[in-house]
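What follows is a short report on a single structure.
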Amino acid sequence: MRTLLLGAAVMTGIGLAETASAQAVDAQQAEAMRAEIRELRARLESLESRLGAPAPAQAAAAPSSPPVDGQPAVVASNSTKKPADEAEIKWKGSPQIVEGGQSFKVKGRIQADAGYVGAPKGLGDRGLGFVNEMRRIRLGGEGSFSEHLSYKLELELSDNAVDLVDTFLTFKDGDWQLQLGNQNSFQSLDELTGDTAGSVMERAAFTDAFNFERRMGLGAQYSHGPLIAQLGVFTDDITALSNSSDGVNGGDEDNSYSVDGRLVYAPKLGDVQLHLGASAHWRRLGRLVDSSTRYRQRPFIHATNTRLIGTPSMNVEEETMYGAELAALSGPWYGAAEYYTLRADRLDTPTVAFHGAYAEVGYFLTKGDTRGYKGGIFTNNAPERALGEDGGIGSVQVTVRYDWLDLDDRDIRGGTQNGYIAALVWSPIQYLRFNVNYALLQYTGATATASGDTNYNANVIATRFEFDF
């Protein structure tokens, strides 16, 4: 159809030109003929633009008028306009399709861990020693419906179960953002930083011990310049809400909810990116008070299910948490520190408080490489020189971290941990990382050995390869 229309227009132009050259014309007739040709050319260009395709090749040469009364020949233009909304495919670890304000990208993640947990043999725990697992296998997609509305959906295989992780809709307009669905509830800097952007393999001990997790809810964010303010109302995680059991653990009886907020001030002072943050969290457990709540932690690596420190089961009515964050980045150097405290209000029993903190410093050994930072969290930067590019080997970073956790208060003796961690991360190319970590964990009040000893050390060697796209 398009070809027929364009061909008809071209043939009409040819006919007019041949008619004009076959007979003598006066100046008035010549001017009228030139006007008709200009009008025809304008119509042809308009038709080409609406059809979104260039004119046939012969159209460039055909519609022209012969010289009339000494005037130069008039040649029809062959200019075309590129469609405003043309699909484009980009590469960001996987293909991303972009068309106008709409986009779609397949997302995925593979993390495989192996390691060794060395603890006193008197524990007699078969979950220690050599351990390995597929830490995470994640698949999903993200995209946008328009300039303001986007979405994300991810499924994760972890701990022998398939769970929904980031699953939400996002509306963004200027400095404001609303996010509805299963999401992180504005916890600490270490928790909010993606697990493929972390400086060590596992997050700070308090993030796991205090049961940080994604939860269903509505979150709002305002960001302007160096200031970020976040506030949200959340219920529970998707797995808990979908539990089909009867009784207090059933998803239909879970009426817990929380209010969570976080403030970040991140000014840039010369070459130094600063990060100052604070967060507060209040949660009412509702009917979950009739079930049990525990705060406990693994010996660093997730591949073992053994917990060497942890509280007994408690009936908790409310949880209140406060956190403080500090970080700085400058060239190849970076550092971060956080402190967190949790107060658990128990049913008919005095309130107890537990604490955790970490501090780290890191450095990139490869020239030109730096740690990323955006939106109040750490991110990954592509290696300055990927493996095979101009003799590059990718990026190499080293980090040392101190990790403290205290689960002792009043009548609760959950134990304490002082962890000393050294980490090496090699990223040969963007989206691919290899990790080697060593952790020395010093425990007091931990699980007793056969001889009754509760104060001892654990040595952990952990490795991971991860691919994120």
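Residues are referred to by chain and number: the chain letter is A, B, ... according to the order shown in the structure tokens, the number counts from 1 in that chain, and ligands are numbered separately from 1 in the order shown.
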
**OP:** Would you kindly return, as a list in words, each protein, DNA or RNA residue with an atom no farther than 7 Å from any atom of Phe206 of chain A, considering only C-alpha atoms and excluding same-chain residues fewer than 2 positions away?
**Re:** Ala204, Asp208, Ala209, Phe210, Gly356 and Leu405 of chain A

Subject >> Residue contacts of Glu360 of chain A (6 Å, only C-alpha atoms) excluding same-chain residues fewer than 3 positions away, as an MDAnalysis selection string >> reply: chainID A and resid 335:336 400:401

Saved selection, atoms kept: all heavy atoms, as a PDB file, in the first residue's frame:
ATOM      1  N   GLY A 335      35.135   3.826  52.952  1.00  0.00           N
ATOM      2  CA  GLY A 335      34.960   3.378  54.328  1.00  0.00           C
ATOM      3  C   GLY A 335      33.513   3.530  54.737  1.00  0.00           C
ATOM      4  O   GLY A 335      32.773   4.346  54.179  1.00  0.00           O
ATOM      5  N   ALA A 336      33.078   2.730  55.709  1.00  0.00           N
ATOM      6  CA  ALA A 336      31.698   2.794  56.186  1.00  0.00           C
ATOM      7  C   ALA A 336      31.637   2.276  57.612  1.00  0.00           C
ATOM      8  O   ALA A 336      32.461   1.447  58.030  1.00  0.00           O
ATOM      9  CB  ALA A 336      30.766   1.978  55.294  1.00  0.00           C
ATOM     10  N   VAL A 400      38.844  -4.636  54.849  1.00  0.00           N
ATOM     11  CA  VAL A 400      38.912  -5.191  56.198  1.00  0.00           C
ATOM     12  C   VAL A 400      37.729  -4.623  56.981  1.00  0.00           C
ATOM     13  O   VAL A 400      37.398  -3.437  56.861  1.00  0.00           O
ATOM     14  CB  VAL A 400      40.247  -4.879  56.895  1.00  0.00           C
ATOM     15  CG1 VAL A 400      41.382  -5.637  56.239  1.00  0.00           C
ATOM     16  CG2 VAL A 400      40.541  -3.382  56.893  1.00  0.00           C
ATOM     17  N   ARG A 401      37.091  -5.501  57.774  1.00  0.00           N
ATOM     18  CA  ARG A 401      35.875  -5.107  58.498  1.00  0.00           C
ATOM     19  C   ARG A 401      35.893  -5.681  59.912  1.00  0.00           C
ATOM     20  O   ARG A 401      36.327  -6.817  60.128  1.00  0.00           O
ATOM     21  CB  ARG A 401      34.635  -5.589  57.753  1.00  0.00           C
ATOM     22  CG  ARG A 401      33.337  -5.426  58.537  1.00  0.00           C
ATOM     23  CD  ARG A 401      32.125  -5.957  57.802  1.00  0.00           C
ATOM     24  NE  ARG A 401      31.676  -5.048  56.747  1.00  0.00           N
ATOM     25  CZ  ARG A 401      30.424  -5.044  56.266  1.00  0.00           C
ATOM     26  NH1 ARG A 401      29.522  -5.882  56.737  1.00  0.00           N
ATOM     27  NH2 ARG A 401      30.105  -4.209  55.300  1.00  0.00           N
TER      28      ARG A 401
END

**OP:** Please report, as a ChimeraX atom specification, each residue of segment 275-337 of chain A to which DSSP assigns strand (DSSP E or B) when run on this structure's backbone.
**Re:** /A:275-284,293,296-297,309-310,314,316-330,333-337

Original post:
Which of these residues is nearest to Glu133 of chain A, using only C-alpha atoms: A:Ala327, A:Ala112, A:Val117, A:Ala448?
Top reply: A:Ala112

Original post:
Which one of A:Tyr431, A:Phe145, A:Tyr265, A:Tyr295 sits closest to Ala205 of chain A if you count only C-alpha atoms?
Top reply: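 Of the candidates, the smallest distance to Ala205 of chain A is held by A:Tyr295.
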
Subject >> Shell of 10 Å around Thr170 of chain A, only C-alpha atoms, local chain residues under 6 positions omitted, as a list in words >> reply: Ser144, His148, Leu149, Ser150, Tyr151, Lys152, Gln177, Leu178, Gln179, Leu180, Gly181, Leu218, Gly219 and Ala220 of chain A

Original post:
Tell me, which residues of segment 285-460 of chain A carry DSSP helix (DSSP H, G or I), written as a list of chain:residue names?
Top reply: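 Checking each residue of segment 285-460 of chain A, the helix (DSSP H, G or I) ones are A:Gly286, A:Arg287, A:Leu288, A:Val289, A:Asp290.
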
Original post:
So which residues touch Phe467 of chain A within 8 Å, counting only C-alpha atoms, skipping near sequence neighbours fewer than 4 positions away, as a list in words?
Top reply: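 With the cut-off at 8 Å, the set is Arg109, Ile110, Gln111, Tyr431, Leu432 and Arg433 of chain A.
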
May I have the residues from that selection written out with C-alpha atoms, as a PDB file, in the first residue's frame?
ATOM      1  CA  ARG A 109      21.573 -13.516  39.433  1.00  0.00           C
ATOM      2  CA  ILE A 110      23.666 -16.562  40.217  1.00  0.00           C
ATOM      3  CA  GLN A 111      25.703 -16.869  43.408  1.00  0.00           C
ATOM      4  CA  TYR A 431      28.492  -8.109  36.172  1.00  0.00           C
ATOM      5  CA  LEU A 432      30.955 -10.904  37.139  1.00  0.00           C
ATOM      6  CA  ARG A 433      32.725 -11.140  40.522  1.00  0.00           C
TER       7      ARG A 433
END

**OP:** Provide the atom CA of Leu274 of chain A to atom CA of Arg343 of chain A distance in Å, to one decimal place.
**Re:**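 Computing the Euclidean distance for atom CA of Leu274 of chain A and atom CA of Arg343 of chain A yields 29.1 Å.
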
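Proximity to Asp190 of chain A was assessed for A:Asn437, A:Thr379, A:Asn160, A:Thr463 counting only C-alpha atoms; the smallest distance is recorded for A:Thr379.
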
Original post:
With only C-alpha atoms as the basis for distance, which of A:Phe469, A:Phe300, A:Tyr456, A:Phe234 is at the shortest distance from Gln430 of chain A?
Top reply: A:Phe469

Original post:
If you measure from atom CA of Ile309 of chain A to atom CA of Ala344 of chain A, what distance in Å do you get, rounded to one decimal?
Top reply: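 That distance, rounded to one decimal, is 17.4 Å.
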